[in-house]
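Working notes for the structure below.
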Protein chains: 2
Amino acid sequence: MTTYAKPSQQSSGHNHSECVSEALITAEHLCFERGVQLTPIRHKVLELIWESHKAVKAYELLDRLKPLQQAAKPATIYRALDFLIEQGLIHRVESLNAFVGCHCSGHQHEQLLLICKHCQEVEERSAKEVMLALSDEIKQAGFIVHSKAIEIHGVCSTCQKMPGVPGDRE
Amino acid sequence: MTTYAKPSQQSSGHNHSECVSEALITAEHLCFERGVQLTPIRHKVLELIWESHKAVKAYELLDRLKPLQQAAKPATIYRALDFLIEQGLIHRVESLNAFVGCHCSGHQHEQLLLICKHCQEVEERSAKEVMLALSDEIKQAGFIVHSKAIEIHGVCSTCQKMPGVPGDRE
DNA sequence: AGATTAATGTTATAATATAACATTAATCCG
DNA sequence: CGGATTAATGTTATATTATAACATTAATCT
Ligand SMILES: [Zn+2]
Ligand SMILES: [Zn+2]
Ligand SMILES: [Zn+2]
Ligand SMILES: [Zn+2]
């Protein structure tokens, strides 16, 4: 039995289908305004990433795309991912070699990712104070920033409440 | 003493051979105190990582280790790396799939890495203010931390001064 | 010495990612 | 419109990064 068909809808108790359709509509909008093409493949990949709030792997996406796109190959996925990242529609989670939908779908914004090792969900936070302190630190170092990755691994508040899921390392 | 490769000694103008021998002595000390074995292979891999302040790839290390360790295979390197990371003697740079020597060689400390795309050198900073703000943000999110990765890509102050190396994206 | 654990050797393969070139589709411009 | 140009996708091959599984050797313990 395929288990990835219906990913957990638990995500902090919100209505995820609304959450997804919002993300897709926003993406369509942004791409239109920017005069870039959210082609069917790119759109589908974005939709697949948004199936849950978990970080998803490139080859997992490939497996899911294949039934819908006969010709799908690694390059198909990686090109779509490149595009989506460029447009700020998804984030690459460096510490997982995986990808996650971006909530604040604009261009090139700061990001703090809270990654749960229990449920694999990724929460994105703007973390203004952190970013401020960070800018300061970087300025002090005389460094010119191109991109930032702030990735925190641990156990999310939801999973902490579940029985048999201690917050400490196993 | 082996001295092939001759990696760039530029690193912020410091005496890097002293820098390395210090790191190695500290490592030997720590391992002894902890009752863990800094075996010849592990020691050599650590030394190879410390050849420069650049992040170095696993298979690059493998290539450099082979002449000295006939039997070296991927597993040889990855096991040594696992050990060194566990002991807090090196950091894994998630966004590069690479490894870099740790200055503040203790156990499991916070880290902010400034990664230069021009010279590939990685500067580690304790960034107290950032870490404080970060702890706060994480607490607010009700998240339990296991590990943090803060990786900033850009151009270091040294490279900014060099001709033909603009700070902006190429 | 014999048992136990830790480290390394060895072979194979999994998982992630890109290069290079061919083909098709979209857009531009006269 | 029709040819030129650019953008997107198809296709094949391969590079890069990482782990699994089991055998052997070395270190440590009693
Ligand atoms: Zn949602
Ligand atoms: Zn969770
Ligand atoms: Zn140095
Ligand atoms: Zn530099």
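Residues in the structure tokens are numbered from 1 in each chain, the chains being A, B, ... in the order shown, and ligands are numbered from 1 in the order shown.
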
Expected answer as a ChimeraX atom specification: chain C residues within 10 Å of chain B, only C-alpha atoms (C1' of nucleotides): /C:6-10

Near-ligand residues for ligand 3, threshold 7 Å, only C-alpha atoms (C1' of nucleotides) and all ligand atoms, as a PyMOL selection string: chain B and resi 11+14-17+19-20+52-53

Chain B on chain A, all Cα pairs in order, RMSD: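 So the superposition leaves a C-alpha RMSD of 2.1 Å.
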
Selection within 12 Å of ligand 1 by only C-alpha atoms (C1' of nucleotides) and all ligand atoms, output as a compact mmCIF listing (two decimals) with N, CA and C atoms, in the first residue's frame:
# COMPACT_ATOMS: atom_id res chain seq x y z
N PRO A 7 -0.50 12.65 2.91
CA PRO A 7 0.42 13.04 3.98
C PRO A 7 -0.34 13.62 5.17
N SER A 8 0.28 13.50 6.31
CA SER A 8 -0.37 13.93 7.56
C SER A 8 -0.92 15.34 7.46
N GLN A 9 -2.15 15.48 7.76
CA GLN A 9 -2.83 16.77 7.73
C GLN A 9 -2.75 17.45 9.09
N GLN A 10 -1.99 16.86 10.02
CA GLN A 10 -1.98 17.37 11.38
C GLN A 10 -1.51 18.81 11.52
N SER A 11 -0.51 19.15 10.73
CA SER A 11 0.19 20.42 10.81
C SER A 11 -0.47 21.50 11.65
N SER A 12 -0.08 21.60 12.87
CA SER A 12 -0.56 22.63 13.79
C SER A 12 -2.05 22.90 13.61
N GLY A 13 -2.78 21.87 13.32
CA GLY A 13 -4.23 21.95 13.28
C GLY A 13 -4.85 22.88 12.25
N HIS A 14 -4.09 23.29 11.25
CA HIS A 14 -4.69 24.20 10.27
C HIS A 14 -5.28 23.44 9.10
N ASN A 15 -6.05 24.14 8.31
CA ASN A 15 -6.65 23.51 7.14
C ASN A 15 -5.64 23.53 6.01
N HIS A 16 -5.05 22.38 5.77
CA HIS A 16 -3.90 22.39 4.87
C HIS A 16 -4.28 22.52 3.40
N SER A 17 -5.45 22.07 3.03
CA SER A 17 -5.79 22.22 1.60
C SER A 17 -5.97 23.70 1.26
N GLU A 18 -6.49 24.45 2.19
CA GLU A 18 -6.57 25.90 1.97
C GLU A 18 -5.18 26.51 1.90
N CYS A 19 -4.36 26.05 2.84
CA CYS A 19 -2.98 26.49 2.94
C CYS A 19 -2.25 26.29 1.62
N VAL A 20 -2.47 25.11 1.01
CA VAL A 20 -1.82 24.79 -0.26
C VAL A 20 -2.37 25.64 -1.39
N SER A 21 -3.69 25.73 -1.47
CA SER A 21 -4.24 26.46 -2.62
C SER A 21 -3.85 27.93 -2.54
N GLU A 22 -3.76 28.44 -1.34
CA GLU A 22 -3.27 29.81 -1.19
C GLU A 22 -1.86 29.94 -1.74
N ALA A 23 -1.02 29.00 -1.34
CA ALA A 23 0.38 29.04 -1.78
C ALA A 23 0.46 28.99 -3.30
N LEU A 24 -0.36 28.14 -3.90
CA LEU A 24 -0.32 27.99 -5.35
C LEU A 24 -0.82 29.24 -6.06
N GLU A 47 3.26 21.93 -6.20
CA GLU A 47 2.10 21.33 -5.53
C GLU A 47 2.53 20.09 -4.73
N ILE A 49 5.44 19.50 -3.45
CA ILE A 49 6.19 19.94 -2.27
C ILE A 49 5.23 20.39 -1.17
N TRP A 50 4.15 21.01 -1.59
CA TRP A 50 3.19 21.52 -0.63
C TRP A 50 2.22 20.47 -0.10
N GLU A 51 2.39 19.24 -0.51
CA GLU A 51 1.51 18.19 0.01
C GLU A 51 1.52 18.17 1.53
N SER A 52 2.66 18.51 2.09
CA SER A 52 2.77 18.57 3.55
C SER A 52 3.72 19.70 3.91
N HIS A 53 3.96 19.87 5.20
CA HIS A 53 4.94 20.86 5.61
C HIS A 53 6.27 20.18 5.93
N LYS A 54 6.39 18.95 5.50
CA LYS A 54 7.65 18.25 5.68
C LYS A 54 8.60 18.64 4.56
N VAL A 100 11.31 22.52 0.89
CA VAL A 100 10.08 22.78 1.61
C VAL A 100 9.43 24.04 1.05
N GLY A 101 8.11 24.07 1.03
CA GLY A 101 7.39 25.24 0.53
C GLY A 101 7.65 26.45 1.39
N CYS A 102 7.70 27.60 0.74
CA CYS A 102 7.95 28.85 1.48
C CYS A 102 6.64 29.58 1.72
N HIS A 103 6.45 30.00 2.95
CA HIS A 103 5.22 30.68 3.33
C HIS A 103 5.19 32.12 2.85
N GLU A 121 8.36 17.90 10.07
CA GLU A 121 7.81 19.16 9.59
C GLU A 121 8.80 20.30 9.81
N VAL A 122 8.71 21.28 8.93
CA VAL A 122 9.61 22.41 8.98
C VAL A 122 8.80 23.68 9.20
N GLU A 123 9.10 24.37 10.28
CA GLU A 123 8.43 25.63 10.53
C GLU A 123 9.35 26.77 10.16
N GLU A 124 8.81 27.72 9.40
CA GLU A 124 9.61 28.86 8.97
C GLU A 124 9.24 30.05 9.84

Chain D contacts to chain A at 12 Å (only C-alpha atoms (C1' of nucleotides)) as a ChimeraX atom specification: /D:7-12,17

What does the file look like for those residues with C-alpha atoms (C1' of nucleotides), as a JSON list (two decimals), in the first residue's frame?
[["chain", "number", "residue", "atom", "x", "y", "z"],
["D", 7, "DA", "C1'", 13.33, 29.21, -22.98],
["D", 8, "DA", "C1'", 11.90, 24.80, -21.55],
["D", 9, "DT", "C1'", 12.00, 20.02, -21.76],
["D", 10, "DG", "C1'", 13.75, 15.35, -23.30],
["D", 11, "DT", "C1'", 17.41, 12.07, -23.01],
["D", 12, "DT", "C1'", 21.62, 9.69, -21.93],
["D", 17, "DT", "C1'", 28.20, 12.10, -1.75]]

Nearby residues, ligand 2, 9 Å, only C-alpha atoms (C1' of nucleotides) and all ligand atoms, as a VMD selection string: chain A and resid 11 115 to 122 154 to 160

Between atom CA of Cys31 of chain B and atom CA of Cys104 of chain B, distance in Å (one decimal):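 Atom-to-atom, atom CA of Cys31 of chain B to atom CA of Cys104 of chain B, that is 14.5 Å.
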
Contact residues around DT5 of chain C with only C-alpha atoms (C1' of nucleotides) at 10 Å, ignoring same-chain residues under 5 positions, as a PyMOL selection string: chain D and resi 27-29

Write out the residues from the selection above, keeping C-alpha atoms (C1' of nucleotides), as a compact mmCIF listing (two decimals), in the first residue's frame.
# COMPACT_ATOMS: atom_id res chain seq x y z
C1' DA D 27 42.53 -2.86 22.17
C1' DT D 28 40.54 -3.51 26.64
C1' DC D 29 38.63 -6.02 30.42

Near-Asn97 of chain B list (9 Å; only C-alpha atoms (C1' of nucleotides); drop same-chain fewer than 6 positions) as a PyMOL selection string: (chain A and resi 94-95) or (chain B and resi 55-58) or (chain D and resi 17)

Could you please take those selected residues and save N, CA and C atoms (P, O5', C5', C4', C3', O3' and C1' of nucleotides) as a PDB file, in the first residue's frame?
ATOM      1  N   GLU A  94      19.326  22.789   3.628  1.00  0.00           N
ATOM      2  CA  GLU A  94      20.691  22.328   3.365  1.00  0.00           C
ATOM      3  C   GLU A  94      21.057  21.102   4.182  1.00  0.00           C
ATOM      4  N   SER A  95      20.643  21.092   5.431  1.00  0.00           N
ATOM      5  CA  SER A  95      21.062  20.016   6.323  1.00  0.00           C
ATOM      6  C   SER A  95      20.305  18.716   6.078  1.00  0.00           C
TER       7      SER A  95
ATOM      8  N   ALA B  55      36.712  24.793   3.669  1.00  0.00           N
ATOM      9  CA  ALA B  55      35.937  23.580   3.891  1.00  0.00           C
ATOM     10  C   ALA B  55      36.422  22.547   2.897  1.00  0.00           C
ATOM     11  N   VAL B  56      36.574  21.313   3.349  1.00  0.00           N
ATOM     12  CA  VAL B  56      37.133  20.276   2.486  1.00  0.00           C
ATOM     13  C   VAL B  56      36.161  19.110   2.359  1.00  0.00           C
ATOM     14  N   LYS B  57      36.091  18.549   1.173  1.00  0.00           N
ATOM     15  CA  LYS B  57      35.128  17.496   0.850  1.00  0.00           C
ATOM     16  C   LYS B  57      35.643  16.132   1.284  1.00  0.00           C
ATOM     17  N   ALA B  58      34.744  15.228   1.543  1.00  0.00           N
ATOM     18  CA  ALA B  58      35.116  13.894   2.022  1.00  0.00           C
ATOM     19  C   ALA B  58      36.018  13.156   1.020  1.00  0.00           C
TER      20      ALA B  58
ATOM     21  P    DT D  17      31.283  15.930  -3.704  1.00  0.00           P
ATOM     22  O5'  DT D  17      30.290  15.033  -2.848  1.00  0.00           O
ATOM     23  C5'  DT D  17      28.947  15.442  -2.701  1.00  0.00           C
ATOM     24  C4'  DT D  17      28.212  14.400  -1.906  1.00  0.00           C
ATOM     25  C3'  DT D  17      28.853  14.025  -0.568  1.00  0.00           C
ATOM     26  O3'  DT D  17      27.894  14.281   0.442  1.00  0.00           O
ATOM     27  C1'  DT D  17      28.198  12.097  -1.752  1.00  0.00           C
TER      28       DT D  17
END

Exercise answer, chain B residues close to chain A, 9 Å and only C-alpha atoms, as a PyMOL selection string: chain B and resi 93-97+114+116+125+127+129-134+136-138+141-158+160+167-169

Between atom CA of Ala80 of chain B and atom CA of Arg42 of chain B, distance in Å (one decimal):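 Going from atom CA of Ala80 of chain B over to atom CA of Arg42 of chain B, I get 5.1 Å.
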
Would you please give, as a tab-separated table (two decimals) with N, CA and C atoms, in the first residue's frame, all residues of chain B that DSSP assigns to alpha helix (DSSP H) based on the backbone?
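The resulting out-v9.tsv:
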chain	number	residue	atom	x	y	z
B	16	HIS	N	49.86	29.84	10.05
B	16	HIS	CA	48.95	28.72	10.03
B	16	HIS	C	49.56	27.42	10.55
B	17	SER	N	50.85	27.25	10.42
B	17	SER	CA	51.41	25.99	10.94
B	17	SER	C	51.29	25.96	12.46
B	18	GLU	N	51.45	27.11	13.08
B	18	GLU	CA	51.24	27.18	14.54
B	18	GLU	C	49.78	26.87	14.86
B	19	CYS	N	48.92	27.51	14.08
B	19	CYS	CA	47.48	27.36	14.21
B	19	CYS	C	47.09	25.88	14.16
B	20	VAL	N	47.68	25.15	13.21
B	20	VAL	CA	47.38	23.73	13.06
B	20	VAL	C	47.93	22.92	14.22
B	21	SER	N	49.19	23.16	14.56
B	21	SER	CA	49.77	22.33	15.62
B	21	SER	C	49.04	22.55	16.93
B	22	GLU	N	48.60	23.77	17.15
B	22	GLU	CA	47.78	24.04	18.33
B	22	GLU	C	46.51	23.20	18.31
B	23	ALA	N	45.85	23.23	17.17
B	23	ALA	CA	44.59	22.48	17.04
B	23	ALA	C	44.82	21.00	17.28
B	24	LEU	N	45.91	20.48	16.76
B	24	LEU	CA	46.18	19.05	16.91
B	24	LEU	C	46.51	18.70	18.36
B	25	ILE	N	47.30	19.54	18.99
B	25	ILE	CA	47.65	19.30	20.39
B	25	ILE	C	46.40	19.34	21.26
B	26	THR	N	45.58	20.33	21.03
B	26	THR	CA	44.31	20.42	21.77
B	26	THR	C	43.48	19.16	21.57
B	27	ALA	N	43.42	18.71	20.33
B	27	ALA	CA	42.64	17.52	20.02
B	27	ALA	C	43.18	16.31	20.76
B	28	GLU	N	44.49	16.15	20.73
B	28	GLU	CA	45.11	15.00	21.40
B	28	GLU	C	44.77	15.05	22.89
B	29	HIS	N	44.90	16.21	23.44
B	29	HIS	CA	44.60	16.44	24.84
B	29	HIS	C	43.17	16.03	25.19
B	30	LEU	N	42.24	16.61	24.45
B	30	LEU	CA	40.82	16.37	24.70
B	30	LEU	C	40.49	14.89	24.60
B	31	CYS	N	40.99	14.26	23.58
B	31	CYS	CA	40.68	12.84	23.38
B	31	CYS	C	41.25	12.01	24.52
B	32	PHE	N	42.43	12.35	24.94
B	32	PHE	CA	43.04	11.62	26.04
B	32	PHE	C	42.18	11.77	27.30
B	33	GLU	N	41.80	12.99	27.59
B	33	GLU	CA	40.99	13.25	28.78
B	33	GLU	C	39.65	12.54	28.74
B	34	ARG	N	39.11	12.44	27.54
B	34	ARG	CA	37.80	11.81	27.39
B	34	ARG	C	37.90	10.30	27.28
B	40	PRO	N	45.73	6.91	14.60
B	40	PRO	CA	46.53	7.52	13.54
B	40	PRO	C	45.67	7.98	12.36
B	41	ILE	N	44.70	7.18	11.96
B	41	ILE	CA	43.84	7.59	10.84
B	41	ILE	C	43.06	8.86	11.19
B	42	ARG	N	42.45	8.85	12.35
B	42	ARG	CA	41.66	10.01	12.76
B	42	ARG	C	42.53	11.25	12.89
B	43	HIS	N	43.71	11.04	13.43
B	43	HIS	CA	44.64	12.15	13.59
B	43	HIS	C	45.03	12.71	12.23
B	44	LYS	N	45.32	11.83	11.32
B	44	LYS	CA	45.76	12.26	9.99
B	44	LYS	C	44.63	13.00	9.27
B	45	VAL	N	43.41	12.49	9.38
B	45	VAL	CA	42.27	13.15	8.72
B	45	VAL	C	42.09	14.55	9.32
B	46	LEU	N	42.20	14.64	10.63
B	46	LEU	CA	42.09	15.95	11.27
B	46	LEU	C	43.17	16.89	10.74
B	47	GLU	N	44.37	16.37	10.61
B	47	GLU	CA	45.48	17.17	10.11
B	47	GLU	C	45.20	17.63	8.67
B	48	LEU	N	44.68	16.73	7.88
B	48	LEU	CA	44.37	17.07	6.48
B	48	LEU	C	43.31	18.16	6.40
B	49	ILE	N	42.32	18.07	7.29
B	49	ILE	CA	41.28	19.09	7.31
B	49	ILE	C	41.87	20.44	7.68
B	58	ALA	N	34.74	15.23	1.54
B	58	ALA	CA	35.12	13.89	2.02
B	58	ALA	C	36.02	13.16	1.02
B	59	TYR	N	35.67	13.23	-0.25
B	59	TYR	CA	36.44	12.47	-1.23
B	59	TYR	C	37.77	13.14	-1.56
B	60	GLU	N	37.85	14.43	-1.27
B	60	GLU	CA	39.11	15.15	-1.39
B	60	GLU	C	40.05	14.62	-0.30
B	61	LEU	N	39.50	14.47	0.89
B	61	LEU	CA	40.27	13.92	2.00
B	61	LEU	C	40.72	12.50	1.67
B	62	LEU	N	39.80	11.75	1.07
B	62	LEU	CA	40.12	10.38	0.71
B	62	LEU	C	41.32	10.34	-0.23
B	63	ASP	N	41.28	11.19	-1.25
B	63	ASP	CA	42.39	11.24	-2.20
B	63	ASP	C	43.71	11.58	-1.52
B	64	ARG	N	43.64	12.45	-0.53
B	64	ARG	CA	44.87	12.87	0.14
B	64	ARG	C	45.34	11.84	1.16
B	65	LEU	N	44.39	11.06	1.64
B	65	LEU	CA	44.75	10.06	2.65
B	65	LEU	C	45.34	8.81	2.00
B	74	PRO	N	35.97	5.03	1.14
B	74	PRO	CA	35.01	6.02	1.66
B	74	PRO	C	34.70	5.81	3.13
B	75	ALA	N	34.42	4.58	3.50
B	75	ALA	CA	34.06	4.31	4.89
B	75	ALA	C	35.14	4.79	5.86
B	76	THR	N	36.39	4.63	5.45
B	76	THR	CA	37.50	5.06	6.30
B	76	THR	C	37.34	6.54	6.65
B	77	ILE	N	37.10	7.33	5.62
B	77	ILE	CA	36.97	8.78	5.81
B	77	ILE	C	35.71	9.12	6.60
B	78	TYR	N	34.59	8.54	6.20
B	78	TYR	CA	33.34	8.91	6.86
B	78	TYR	C	33.35	8.52	8.33
B	79	ARG	N	33.99	7.41	8.64
B	79	ARG	CA	34.08	7.03	10.05
B	79	ARG	C	34.93	8.01	10.83
B	80	ALA	N	36.04	8.40	10.24
B	80	ALA	CA	36.91	9.37	10.91
B	80	ALA	C	36.15	10.69	11.09
B	81	LEU	N	35.44	11.10	10.06
B	81	LEU	CA	34.68	12.35	10.14
B	81	LEU	C	33.62	12.27	11.23
B	82	ASP	N	32.92	11.14	11.29
B	82	ASP	CA	31.90	10.96	12.32
B	82	ASP	C	32.51	11.13	13.71
B	83	PHE	N	33.64	10.50	13.88
B	83	PHE	CA	34.32	10.60	15.18
B	83	PHE	C	34.69	12.04	15.50
B	84	LEU	N	35.29	12.71	14.54
B	84	LEU	CA	35.77	14.08	14.77
B	84	LEU	C	34.62	15.04	15.04
B	85	ILE	N	33.51	14.81	14.38
B	85	ILE	CA	32.34	15.66	14.62
B	85	ILE	C	31.79	15.39	16.01
B	86	GLU	N	31.67	14.12	16.35
B	86	GLU	CA	31.18	13.74	17.67
B	86	GLU	C	32.00	14.40	18.78
B	128	LYS	N	27.68	35.79	20.13
B	128	LYS	CA	26.87	35.70	21.35
B	128	LYS	C	25.48	36.30	21.22
B	129	GLU	N	25.44	37.51	20.68
B	129	GLU	CA	24.15	38.21	20.56
B	129	GLU	C	23.18	37.41	19.70
B	130	VAL	N	23.70	36.90	18.60
B	130	VAL	CA	22.87	36.13	17.69
B	130	VAL	C	22.32	34.90	18.40
B	131	MET	N	23.21	34.22	19.10
B	131	MET	CA	22.81	32.98	19.77
B	131	MET	C	21.78	33.25	20.86
B	132	LEU	N	21.92	34.37	21.49
B	132	LEU	CA	20.96	34.75	22.53
B	132	LEU	C	19.59	34.98	21.92
B	133	ALA	N	19.57	35.78	20.87
B	133	ALA	CA	18.31	36.07	20.19
B	133	ALA	C	17.69	34.78	19.65
B	134	LEU	N	18.56	33.90	19.20
B	134	LEU	CA	18.11	32.64	18.63
B	134	LEU	C	17.46	31.76	19.71
B	135	SER	N	18.11	31.65	20.84
B	135	SER	CA	17.56	30.86	21.95
B	135	SER	C	16.18	31.38	22.32
B	136	ASP	N	16.08	32.69	22.33
B	136	ASP	CA	14.82	33.33	22.66
B	136	ASP	C	13.74	32.94	21.66
B	137	GLU	N	14.07	33.08	20.41
B	137	GLU	CA	13.13	32.77	19.32
B	137	GLU	C	12.67	31.31	19.41
B	138	ILE	N	13.62	30.45	19.69
B	138	ILE	CA	13.33	29.02	19.75
B	138	ILE	C	12.43	28.70	20.95
B	139	LYS	N	12.72	29.38	22.03
B	139	LYS	CA	11.91	29.18	23.24
B	139	LYS	C	10.47	29.62	22.95
B	140	GLN	N	10.35	30.76	22.30
B	140	GLN	CA	9.02	31.26	21.94
B	140	GLN	C	8.25	30.26	21.09
B	141	ALA	N	8.99	29.55	20.25
B	141	ALA	CA	8.34	28.58	19.36
B	141	ALA	C	8.03	27.28	20.09
B	157	SER	N	36.14	39.66	4.12
B	157	SER	CA	36.73	41.00	4.07
B	157	SER	C	38.04	41.00	3.29
B	158	THR	N	38.81	39.94	3.44
B	158	THR	CA	40.08	39.86	2.71
B	158	THR	C	39.85	39.88	1.20
B	159	CYS	N	38.91	39.06	0.75
B	159	CYS	CA	38.67	38.96	-0.69
B	159	CYS	C	38.06	40.23	-1.26
B	160	GLN	N	37.31	40.96	-0.44
B	160	GLN	CA	36.72	42.20	-0.92
B	160	GLN	C	37.78	43.19	-1.37
